[in-house]
>>> print(open('input.txt').read())   # compact mmCIF, C-alpha atoms
# COMPACT_ATOMS: atom_id res chain seq x y z
CA LEU Z 1 -10.56 -21.53 -13.24
CA ALA Z 2 -13.80 -20.55 -11.56
CA LYS Z 3 -15.79 -17.88 -13.38
CA THR Z 4 -17.05 -14.92 -11.39
CA THR Z 5 -20.04 -12.65 -11.91
CA GLN Z 6 -20.36 -9.22 -10.34
CA PRO Z 7 -22.46 -6.10 -11.03
CA ILE Z 8 -21.11 -3.84 -13.73
CA SER Z 9 -21.56 -0.68 -11.68
CA MET Z 10 -22.76 0.68 -8.33
CA ASP Z 11 -23.39 4.17 -7.03
CA SER Z 12 -23.10 5.36 -3.45
CA TYR Z 13 -22.72 8.46 -1.33
CA GLU Z 14 -19.96 9.44 1.03
CA GLY Z 15 -20.30 7.91 4.48
CA GLN Z 16 -22.40 4.96 3.37
CA GLU Z 17 -21.44 1.31 3.60
CA VAL Z 18 -21.06 -0.37 0.23
CA ASN Z 19 -21.48 -4.09 -0.34
CA ILE Z 20 -20.38 -5.63 -3.64
CA THR Z 21 -21.41 -9.22 -4.18
CA CYS Z 22 -19.60 -11.66 -6.43
CA SER Z 23 -21.02 -14.96 -7.62
CA HIS Z 24 -18.68 -17.94 -8.16
CA ASN Z 25 -20.91 -20.99 -8.40
CA ASN Z 26 -18.22 -23.43 -9.55
CA ILE Z 27 -15.58 -22.55 -6.98
CA ALA Z 28 -13.27 -25.48 -6.24
CA THR Z 29 -12.37 -26.81 -2.81
CA ASN Z 30 -8.88 -25.30 -2.83
CA ASP Z 31 -9.84 -21.94 -4.36
CA TYR Z 32 -9.41 -18.71 -2.45
CA ILE Z 33 -11.36 -15.50 -3.09
CA THR Z 34 -9.43 -12.31 -3.64
CA TRP Z 35 -10.53 -8.73 -4.28
CA TYR Z 36 -8.54 -6.03 -6.04
CA GLN Z 37 -9.13 -2.29 -6.49
CA GLN Z 38 -8.08 -0.33 -9.56
CA PHE Z 39 -7.95 3.44 -9.98
CA PRO Z 40 -7.78 5.00 -13.47
CA SER Z 41 -4.33 4.78 -15.07
CA GLN Z 42 -2.99 2.56 -12.28
CA GLY Z 43 -2.43 -1.15 -11.83
CA PRO Z 44 -4.81 -3.09 -9.57
CA ARG Z 45 -4.11 -3.14 -5.84
CA PHE Z 46 -4.79 -6.08 -3.54
CA ILE Z 47 -7.54 -5.39 -1.00
CA ILE Z 48 -8.44 -8.59 0.80
CA GLN Z 49 -8.44 -12.37 0.51
CA GLY Z 50 -10.39 -15.15 2.20
CA TYR Z 51 -11.37 -18.79 2.11
CA LYS Z 52 -14.50 -18.96 4.25
CA THR Z 53 -16.55 -17.06 6.87
CA LYS Z 54 -15.38 -13.51 7.47
CA VAL Z 55 -12.11 -11.70 6.99
CA THR Z 56 -11.49 -8.12 8.03
CA ASN Z 57 -8.57 -5.77 7.55
CA GLU Z 58 -8.06 -2.03 7.85
CA VAL Z 59 -9.65 -1.41 4.46
CA ALA Z 60 -12.56 -3.81 4.04
CA SER Z 61 -14.39 -6.92 5.17
CA LEU Z 62 -15.03 -10.03 3.14
CA PHE Z 63 -18.04 -12.21 3.89
CA ILE Z 64 -18.11 -15.76 2.51
CA PRO Z 65 -21.13 -18.00 3.22
CA ALA Z 66 -20.75 -21.66 4.07
CA ASP Z 67 -21.37 -22.88 0.50
CA ARG Z 68 -18.72 -20.43 -0.81
CA LYS Z 69 -20.69 -19.88 -4.03
CA SER Z 70 -20.65 -16.15 -3.49
CA SER Z 71 -18.77 -13.53 -1.53
CA THR Z 72 -19.43 -9.94 -0.49
CA LEU Z 73 -16.86 -7.19 -0.24
CA SER Z 74 -17.93 -4.61 2.32
CA LEU Z 75 -16.46 -1.11 2.33
CA PRO Z 76 -17.40 0.82 5.48
CA ARG Z 77 -18.14 4.55 5.22
CA VAL Z 78 -16.92 5.12 1.68
CA SER Z 79 -15.39 8.39 0.54
CA LEU Z 80 -14.87 9.97 -2.85
CA SER Z 81 -11.43 8.34 -3.00
CA ASP Z 82 -13.04 4.89 -3.02
CA THR Z 83 -14.35 5.54 -6.53
CA ALA Z 84 -12.64 2.76 -8.49
CA VAL Z 85 -13.16 -0.57 -10.21
CA TYR Z 86 -13.33 -3.58 -7.90
CA TYR Z 87 -12.44 -7.05 -9.14
CA CYS Z 88 -13.40 -10.37 -7.59
CA LEU Z 89 -11.07 -13.26 -8.42
CA VAL Z 90 -11.09 -16.93 -7.55
CA GLY Z 91 -8.05 -19.18 -7.75
CA ASN Z 92 -5.99 -21.90 -6.15
CA ILE Z 93 -3.07 -20.14 -4.51
CA LEU Z 94 -1.77 -23.36 -3.02
CA THR Z 95 -0.70 -24.73 -6.42
CA GLY Z 96 0.68 -21.50 -7.74
CA GLY Z 97 -2.49 -20.20 -9.30
CA GLY Z 98 -1.97 -16.80 -7.78
CA ASN Z 99 -0.53 -15.26 -10.90
CA LYS Z 100 -2.81 -16.87 -13.47
CA LEU Z 101 -6.06 -15.29 -12.40
CA THR Z 102 -8.82 -13.97 -14.62
CA PHE Z 103 -9.83 -10.44 -13.72
CA GLY Z 104 -13.08 -10.02 -15.61
CA THR Z 105 -14.59 -6.55 -16.08
CA GLY Z 106 -15.11 -5.78 -12.39
CA THR Z 107 -17.58 -3.45 -10.68
CA GLN Z 108 -17.27 0.29 -11.22
CA LEU Z 109 -18.06 1.97 -7.90
CA LYS Z 110 -18.88 5.66 -8.05
CA VAL Z 111 -19.04 7.58 -4.79
CA GLU Z 112 -20.67 11.00 -4.75
CA LEU Z 113 -21.03 13.75 -2.16
CA ASN X 1 12.06 -1.20 -2.33
CA ALA X 2 10.99 0.20 -5.68
CA GLY X 3 8.47 -2.62 -6.09
CA VAL X 4 7.54 -3.40 -9.69
CA THR X 5 8.90 -1.00 -12.28
CA GLN X 6 7.99 -0.79 -15.95
CA THR X 7 9.58 1.07 -18.83
CA PRO X 8 8.68 2.90 -20.92
CA LYS X 9 5.54 4.60 -19.59
CA PHE X 10 4.34 5.49 -23.08
CA GLN X 11 5.26 4.17 -26.52
CA VAL X 12 4.03 4.72 -30.05
CA LEU X 13 4.91 2.15 -32.70
CA LYS X 14 4.20 1.71 -36.36
CA THR X 15 2.63 -1.49 -37.61
CA GLY X 16 5.29 -4.15 -38.08
CA GLN X 17 7.81 -2.69 -35.66
CA SER X 18 9.11 -4.74 -32.77
CA MET X 19 9.92 -3.66 -29.26
CA THR X 20 10.46 -4.89 -25.73
CA LEU X 21 8.53 -3.75 -22.68
CA GLN X 22 10.70 -3.96 -19.60
CA CYS X 23 9.58 -5.15 -16.18
CA ALA X 24 11.65 -5.52 -13.05
CA GLN X 25 10.90 -6.27 -9.41
CA ASP X 26 13.17 -6.01 -6.39
CA MET X 27 11.08 -8.02 -3.94
CA ASN X 28 12.62 -11.41 -4.81
CA HIS X 29 9.21 -12.63 -5.93
CA GLU X 30 9.05 -16.02 -7.54
CA TYR X 31 6.10 -15.38 -9.86
CA MET X 32 5.69 -12.69 -12.51
CA SER X 33 2.96 -12.00 -15.07
CA TRP X 34 2.06 -9.75 -17.97
CA TYR X 35 -1.47 -8.47 -18.55
CA ARG X 36 -3.07 -6.20 -21.10
CA GLN X 37 -6.03 -3.98 -20.44
CA ASP X 38 -8.12 -2.56 -23.25
CA PRO X 39 -10.43 0.43 -22.66
CA GLY X 40 -13.38 -0.43 -20.41
CA MET X 41 -12.19 -4.00 -20.03
CA GLY X 42 -10.67 -6.12 -17.33
CA LEU X 43 -7.11 -7.41 -17.42
CA ARG X 44 -6.24 -10.33 -19.65
CA LEU X 45 -3.26 -12.54 -18.92
CA ILE X 46 -0.65 -12.69 -21.71
CA HIS X 47 2.21 -14.75 -20.25
CA TYR X 48 3.38 -15.71 -16.81
CA SER X 49 6.40 -17.20 -15.09
CA VAL X 50 6.70 -19.25 -11.92
CA GLY X 51 10.46 -18.87 -11.68
CA ALA X 52 13.64 -18.09 -13.58
CA GLY X 53 13.77 -20.12 -16.77
CA ILE X 54 10.08 -21.09 -16.62
CA THR X 55 7.37 -19.34 -18.62
CA ASP X 56 3.92 -20.28 -19.84
CA GLN X 57 1.12 -18.86 -21.93
CA GLY X 58 -1.89 -17.09 -20.55
CA GLU X 59 -5.19 -16.21 -22.14
CA VAL X 60 -3.91 -14.01 -25.03
CA PRO X 61 -0.29 -14.98 -25.88
CA ASN X 62 -0.30 -14.56 -29.66
CA GLY X 63 2.08 -11.90 -30.91
CA TYR X 64 4.08 -11.77 -27.70
CA ASN X 65 7.21 -13.51 -26.40
CA VAL X 66 8.67 -13.59 -22.92
CA SER X 67 11.75 -14.91 -21.20
CA ARG X 68 12.81 -15.07 -17.56
CA SER X 69 16.57 -15.33 -17.29
CA THR X 70 16.69 -13.80 -13.80
CA THR X 71 14.30 -13.62 -10.87
CA GLU X 72 14.15 -9.83 -11.15
CA ASP X 73 13.37 -9.28 -14.83
CA PHE X 74 10.52 -10.36 -17.07
CA PRO X 75 10.57 -8.55 -20.44
CA LEU X 76 7.69 -8.75 -22.90
CA ARG X 77 8.55 -8.69 -26.60
CA LEU X 78 6.19 -7.61 -29.36
CA LEU X 79 7.45 -9.38 -32.45
CA SER X 80 5.60 -7.42 -35.15
CA ALA X 81 3.29 -4.80 -33.70
CA ALA X 82 -0.31 -4.62 -34.89
CA PRO X 83 -3.02 -2.01 -34.15
CA SER X 84 -4.89 -4.69 -32.18
CA GLN X 85 -2.04 -4.59 -29.67
CA THR X 86 -2.82 -1.01 -28.72
CA SER X 87 -3.47 -1.32 -25.01
CA VAL X 88 -2.14 -0.66 -21.52
CA TYR X 89 0.28 -3.34 -20.39
CA PHE X 90 0.72 -4.22 -16.73
CA CYS X 91 3.43 -6.34 -15.21
CA ALA X 92 2.85 -7.98 -11.85
CA SER X 93 4.80 -10.06 -9.37
CA ASN X 94 3.67 -12.46 -6.67
CA PRO X 95 5.67 -13.99 -3.81
CA GLY X 96 4.81 -17.49 -4.99
CA ARG X 97 2.92 -20.54 -3.89
CA GLY X 98 0.61 -19.80 -1.00
CA SER X 99 0.12 -16.16 -1.90
CA ASP X 100 -2.51 -14.56 -4.07
CA GLU X 101 -1.36 -10.98 -3.61
CA GLN X 102 -0.07 -9.62 -6.86
CA PHE X 103 1.92 -6.40 -6.93
CA PHE X 104 1.37 -4.41 -10.10
CA GLY X 105 3.62 -1.99 -11.92
CA PRO X 106 2.41 1.42 -13.14
CA GLY X 107 1.75 0.19 -16.65
CA THR X 108 2.94 0.98 -20.18
CA ARG X 109 0.52 2.68 -22.54
CA LEU X 110 1.21 1.39 -26.06
CA THR X 111 -0.25 2.77 -29.27
CA VAL X 112 0.30 0.99 -32.58
CA LEU X 113 -0.45 3.08 -35.67
>>> encode(input="input.txt", output="structure tokens")
Amino acid sequence: LAKTTQPISMDSYEGQEVNITCSHNNIATNDYITWYQQFPSQGPRFIIQGYKTKVTNEVASLFIPADRKSSTLSLPRVSLSDTAVYYCLVGNILTGGGNKLTFGTGTQLKVEL
Amino acid sequence: NAGVTQTPKFQVLKTGQSMTLQCAQDMNHEYMSWYRQDPGMGLRLIHYSVGAGITDQGEVPNGYNVSRSTTEDFPLRLLSAAPSQTSVYFCASNPGRGSDEQFFGPGTRLTVL
């Protein structure tokens, strides 16, 4: 399984755009990139998933460069409620790897007024 | 749909006791997993299942047993509880091959004295 590296923590203010970058240098051809969000005392929640280029949903955008060795989760105009831990995961969903992923320690995002 | 449910929410055990953490999902998901999360850490995979009757070990399986007799249920058994097993336990389900979106339960907070 590809190992990921992301910053331990980030601070931001309400209304700002936040970009969290994840490094996955040994990503395999069939690996997808998935991001989860976790609030205290809750299980993680799926945010977004992508394979290459850009993916956008109602919550976030995911930017993946052509070499796929990194990815950036972009949260537009964050609010206090976006304070959480964000996990970047890499795995091969096509062969059933979707439930064997390694979460790592994630990035603690703190949003202030 | 109730999603993924876990019982109990809290449990205190004495060293050497055994118990079963219950997990059930009503989404007809093929895959299910158990994770543990220690304070300030990411999630670590204990055991997972890709279908009824099929289970496999994750990253930290020692001291735990699982079985998957039905699609809906995936109980986790602690054979002889140890203080090192004090943690928050999360159960998750996943639709199966081709999906990386895991749905997590609310967690069980276990303390072993």
>>> closest_residue(input="input.txt", among="Z:Ile47, Z:Gly91, Z:Ser41, Z:Lys69", to="Gly105 (chain X)", atoms="only C-alpha atoms")
Z:Ser41
>>> atom_distance(input="input.txt", atom1="CA of Gly51 (chain X)", atom2="CA of Ser69 (chain X)")
9.0 Å
>>> atom_distance(input="input.txt", atom1="CA of Tyr35 (chain X)", atom2="CA of Thr108 (chain X)")
10.6 Å
>>> closest_residue(input="input.txt", among="Z:Phe46, Z:Phe63, Z:Tyr36, Z:Tyr13", to="chain X", atoms="all atoms listed in the file")
Z:Phe46
>>> closest_residue(input="input.txt", among="X:Cys23, X:Glu59, X:Trp34, X:Gly42", to="Ile8 (chain Z)", atoms="all atoms listed in the file")
X:Gly42
>>> interface_residues(input="input.txt", of="chain X", to="chain Z", cutoff="7 Å", atoms="only C-alpha atoms", output="list in words")
Tyr31, Met32, Ser33, Met41, Gly42, Leu43, Arg44, Leu45, Phe90, Asn94, Gly96, Arg97, Gly98, Ser99, Asp100, Glu101, Gln102, Phe103, Phe104, Gly105, Pro106 and Gly107 of chain X
>>> closest_residue(input="input.txt", among="Z:Cys88, Z:Met10, Z:Ile20, Z:Leu75", to="Gly50 (chain Z)", atoms="all atoms listed in the file")
Z:Cys88
>>> residues_around(input="input.txt", residues="His24 (chain Z)", least_positions_apart="2", cutoff="6 Å", atoms="only C-alpha atoms", output="ChimeraX atom specification")
/Z:3-4,26-27,69-70
>>> residues_around(input="input.txt", residues="Asp26 (chain X)", least_positions_apart="3", cutoff="9 Å", atoms="all atoms listed in the file", output="VMD selection string")
chain X and resid 1 to 5 29 71 to 72
>>> build_atoms(input="input.txt", residues="region 62-86 of chain X", atoms="N, CA, C and O atoms", output="mmCIF file, in the frame of the given file")
data_model
loop_
_atom_site.group_PDB
_atom_site.id
_atom_site.type_symbol
_atom_site.label_atom_id
_atom_site.label_comp_id
_atom_site.auth_asym_id
_atom_site.auth_seq_id
_atom_site.Cartn_x
_atom_site.Cartn_y
_atom_site.Cartn_z
ATOM 1 N N ASN X 62 -0.739 -14.718 -28.269
ATOM 2 C CA ASN X 62 -0.300 -14.560 -29.660
ATOM 3 C C ASN X 62 0.260 -13.182 -29.934
ATOM 4 O O ASN X 62 -0.357 -12.164 -29.626
ATOM 5 N N GLY X 63 1.441 -13.162 -30.564
ATOM 6 C CA GLY X 63 2.080 -11.900 -30.910
ATOM 7 C C GLY X 63 3.070 -11.412 -29.880
ATOM 8 O O GLY X 63 3.682 -10.362 -30.063
ATOM 9 N N TYR X 64 3.200 -12.166 -28.794
ATOM 10 C CA TYR X 64 4.080 -11.770 -27.700
ATOM 11 C C TYR X 64 5.023 -12.923 -27.317
ATOM 12 O O TYR X 64 4.619 -14.080 -27.333
ATOM 13 N N ASN X 65 6.249 -12.552 -26.947
ATOM 14 C CA ASN X 65 7.210 -13.510 -26.400
ATOM 15 C C ASN X 65 7.715 -13.014 -25.060
ATOM 16 O O ASN X 65 7.802 -11.801 -24.839
ATOM 17 N N VAL X 66 8.059 -13.962 -24.196
ATOM 18 C CA VAL X 66 8.670 -13.590 -22.920
ATOM 19 C C VAL X 66 9.831 -14.520 -22.641
ATOM 20 O O VAL X 66 9.954 -15.599 -23.218
ATOM 21 N N SER X 67 10.670 -14.073 -21.726
ATOM 22 C CA SER X 67 11.750 -14.910 -21.200
ATOM 23 C C SER X 67 11.986 -14.491 -19.756
ATOM 24 O O SER X 67 11.639 -13.374 -19.358
ATOM 25 N N ARG X 68 12.556 -15.395 -18.975
ATOM 26 C CA ARG X 68 12.810 -15.070 -17.560
ATOM 27 C C ARG X 68 14.193 -15.639 -17.217
ATOM 28 O O ARG X 68 14.334 -16.738 -16.699
ATOM 29 N N SER X 69 15.207 -14.867 -17.540
ATOM 30 C CA SER X 69 16.570 -15.330 -17.290
ATOM 31 C C SER X 69 17.013 -15.056 -15.860
ATOM 32 O O SER X 69 17.923 -15.709 -15.340
ATOM 33 N N THR X 70 16.387 -14.101 -15.195
ATOM 34 C CA THR X 70 16.690 -13.800 -13.800
ATOM 35 C C THR X 70 15.385 -13.701 -13.013
ATOM 36 O O THR X 70 14.318 -13.532 -13.598
ATOM 37 N N THR X 71 15.482 -13.778 -11.703
ATOM 38 C CA THR X 71 14.300 -13.620 -10.870
ATOM 39 C C THR X 71 13.710 -12.219 -11.000
ATOM 40 O O THR X 71 12.506 -12.034 -10.953
ATOM 41 N N GLU X 72 14.585 -11.230 -11.196
ATOM 42 C CA GLU X 72 14.150 -9.830 -11.150
ATOM 43 C C GLU X 72 13.444 -9.354 -12.415
ATOM 44 O O GLU X 72 12.571 -8.506 -12.351
ATOM 45 N N ASP X 73 13.822 -9.865 -13.576
ATOM 46 C CA ASP X 73 13.370 -9.280 -14.830
ATOM 47 C C ASP X 73 12.453 -10.204 -15.625
ATOM 48 O O ASP X 73 12.684 -11.411 -15.696
ATOM 49 N N PHE X 74 11.475 -9.584 -16.271
ATOM 50 C CA PHE X 74 10.520 -10.360 -17.070
ATOM 51 C C PHE X 74 10.082 -9.513 -18.260
ATOM 52 O O PHE X 74 8.995 -8.940 -18.285
ATOM 53 N N PRO X 75 10.907 -9.393 -19.296
ATOM 54 C CA PRO X 75 10.570 -8.550 -20.440
ATOM 55 C C PRO X 75 9.522 -9.185 -21.355
ATOM 56 O O PRO X 75 9.463 -10.409 -21.506
ATOM 57 N N LEU X 76 8.725 -8.323 -21.956
ATOM 58 C CA LEU X 76 7.690 -8.750 -22.900
ATOM 59 C C LEU X 76 8.052 -8.206 -24.279
ATOM 60 O O LEU X 76 8.214 -7.007 -24.444
ATOM 61 N N ARG X 77 8.159 -9.090 -25.253
ATOM 62 C CA ARG X 77 8.550 -8.690 -26.600
ATOM 63 C C ARG X 77 7.368 -8.743 -27.553
ATOM 64 O O ARG X 77 6.668 -9.764 -27.623
ATOM 65 N N LEU X 78 7.167 -7.642 -28.267
ATOM 66 C CA LEU X 78 6.190 -7.610 -29.360
ATOM 67 C C LEU X 78 6.982 -7.868 -30.633
ATOM 68 O O LEU X 78 7.886 -7.111 -30.985
ATOM 69 N N LEU X 79 6.636 -8.930 -31.329
ATOM 70 C CA LEU X 79 7.450 -9.380 -32.450
ATOM 71 C C LEU X 79 7.213 -8.517 -33.695
ATOM 72 O O LEU X 79 8.156 -8.141 -34.383
ATOM 73 N N SER X 80 5.976 -8.237 -34.001
ATOM 74 C CA SER X 80 5.600 -7.420 -35.150
ATOM 75 C C SER X 80 4.297 -6.720 -34.775
ATOM 76 O O SER X 80 3.221 -7.298 -34.895
ATOM 77 N N ALA X 81 4.435 -5.489 -34.308
ATOM 78 C CA ALA X 81 3.290 -4.800 -33.700
ATOM 79 C C ALA X 81 2.128 -4.635 -34.675
ATOM 80 O O ALA X 81 2.316 -4.365 -35.869
ATOM 81 N N ALA X 82 0.919 -4.793 -34.125
ATOM 82 C CA ALA X 82 -0.310 -4.620 -34.890
ATOM 83 C C ALA X 82 -1.228 -3.658 -34.130
ATOM 84 O O ALA X 82 -1.147 -3.571 -32.893
ATOM 85 N N PRO X 83 -2.109 -2.934 -34.835
ATOM 86 C CA PRO X 83 -3.020 -2.010 -34.150
ATOM 87 C C PRO X 83 -3.841 -2.677 -33.051
ATOM 88 O O PRO X 83 -4.191 -2.037 -32.061
ATOM 89 N N SER X 84 -4.116 -3.971 -33.192
ATOM 90 C CA SER X 84 -4.890 -4.690 -32.180
ATOM 91 C C SER X 84 -4.124 -4.835 -30.857
ATOM 92 O O SER X 84 -4.711 -5.214 -29.837
ATOM 93 N N GLN X 85 -2.839 -4.518 -30.885
ATOM 94 C CA GLN X 85 -2.040 -4.590 -29.670
ATOM 95 C C GLN X 85 -1.973 -3.253 -28.931
ATOM 96 O O GLN X 85 -1.301 -3.130 -27.907
ATOM 97 N N THR X 86 -2.680 -2.269 -29.437
ATOM 98 C CA THR X 86 -2.820 -1.010 -28.720
ATOM 99 C C THR X 86 -3.559 -1.279 -27.420
ATOM 100 O O THR X 86 -4.680 -1.783 -27.420
#
